[in-house]
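Please read the structure below before turning to the comments.
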Amino acid sequence: LYRYPKRIRRVVIFDFDVHHGNGTEEIFEYDDDVLFISIHAYGEDFYPVSGLESEARNIVNVPLSIGFKSNEFHNACDQVFRRIEHHKPDLIFLSAGMDAREDDTIMRDSVDENETNASKTRSFSNGKVSWGMPTCNCQGSAGLTVFDYLSMSFRIAELAHRFCQGRVVSVLEGGYGKKGLSDCSVAHLEGLAQGNLHAAACAEWPWTSSTSSSSSSSPPHGKSPEPSPSQATGERADIVASASASAAAG
């Protein structure tokens with residue numbers, strides 16, 4: 001932001017880690033050039049027990065019930081994307097947490113089940129370093145699939161192409177099962193790539209109804225006419241399905 005003040009002024013930070021992005025919210029609260037959005041699980045015993053409505057107009061928290069599924073997530077994304085469109089960002093930054101996956105192994109693979117959550121130690125060559133972890137029953141906190149990450153990422157790439165010349169920075173956050181984390185990460189990148197390609201292809205259509213000639217049914221330069229909304233929707237679904245199959249095969 002400081003290096004390119006004329007090119008990048010308005011930023012969106014979209015955090016879809018299963019935990020609320022409380023630290024990022026605290027940093028950017030009341031900064032109207034930065035829109036911070038967090039979709040996360042919320043519950044009385046779910047860390048960090050924050051992420052309800054904020055007084056700051058640049059903070060959009062979308063808390064979902066523990067164990068939320070695909071439909072709830074995509075409904076929340078619809079709300080998020082409308083806010084992104086309104087903000088008109090020059091850059092979209094993603095806090096890409098994959099720990100809302102349905103079979104994520106958070107608190108199972110990363111922590112010895114025989115230890116309590118309140119106090120743990122991990123051995124290093126120079127002795128034992130103690131580290132605390134808040135009491136948190138995170139297992140089964142959400143139920144997203146690889147396809148959910150792919151389709152959401154696809155839509156983000158489309159928005160980035162519309163508003164900020166495709167500028168997206170994605171930083172990996174949560175995700176605690178090696179296989180699930182790798183599958184979701186591939187799907188996320190596949191969605192961003194396919195969404196950008198789709199948006200670029202749509203931008204190549206040379207005419208609109210207001211500029212086309214009523215006396216000719218042939219598009220200029222030998223290109224096909226712009227697809228109808230239903231055709232465009234079908235094509236996007238085909239692309240997403242193809243990318244999903246590719247991610248699963250990989």
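Please note that chains go A, B, ... in the order of the structure tokens, that every chain numbers its residues from 1, and that ligands are numbered from 1 in the order shown.
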
(request) Would you mind listing what lies within 7 Å of Val62 (chain A) as a list in words, with only C-alpha atoms counted and same-chain residues fewer than 6 positions away left out? (result) Ser38, Ile39, His40 and Ala76 of chain A

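Within region 33-65 of chain A, residues classed as strand (DSSP E) by DSSP on backbone coordinates are Val34, Leu35, Phe36, Ile37, Ser38, Ile39, His40, Ala41, Tyr42, Ile59, Val60, Asn61, Val62, Pro63, Leu64 and Ser65 of chain A.
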
Using C-alpha atoms, can you write the selected residues to a file as a compact mmCIF listing (two decimals), in the first residue's frame?
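Contents of out-v2.txt, as written:
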```
# COMPACT_ATOMS: atom_id res chain seq x y z
CA VAL A 34 -9.61 -1.59 4.11
CA LEU A 35 -12.72 -3.76 4.15
CA PHE A 36 -12.20 -6.74 6.44
CA ILE A 37 -14.55 -9.70 6.06
CA SER A 38 -14.56 -12.86 8.15
CA ILE A 39 -16.77 -15.91 7.64
CA HIS A 40 -16.26 -18.21 10.62
CA ALA A 41 -17.84 -20.59 13.07
CA TYR A 42 -19.04 -19.07 16.31
CA ILE A 59 -15.71 -4.74 9.42
CA VAL A 60 -18.05 -7.45 8.15
CA ASN A 61 -18.32 -10.45 10.45
CA VAL A 62 -20.45 -13.37 9.30
CA PRO A 63 -20.64 -15.84 12.20
CA LEU A 64 -22.08 -19.24 11.33
CA SER A 65 -23.27 -22.00 13.61
```

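You can rank A:Phe28, A:His86, A:Glu44, A:Leu144 by their closest distance to Phe73 (chain A) using only C-alpha atoms, and at the top of that list sits A:Leu144.
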
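Distances here use only C-alpha atoms; by that measure, the residue among A:Arg101, A:Arg167, A:Arg155, A:His161 closest to Leu181 (chain A) is A:Arg101.
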
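Of the listed residues A:Leu197, A:Ala157, A:Met152, A:Ile27, the one whose atoms come nearest to Asn71 (chain A) is A:Met152, with distances taken using only C-alpha atoms.
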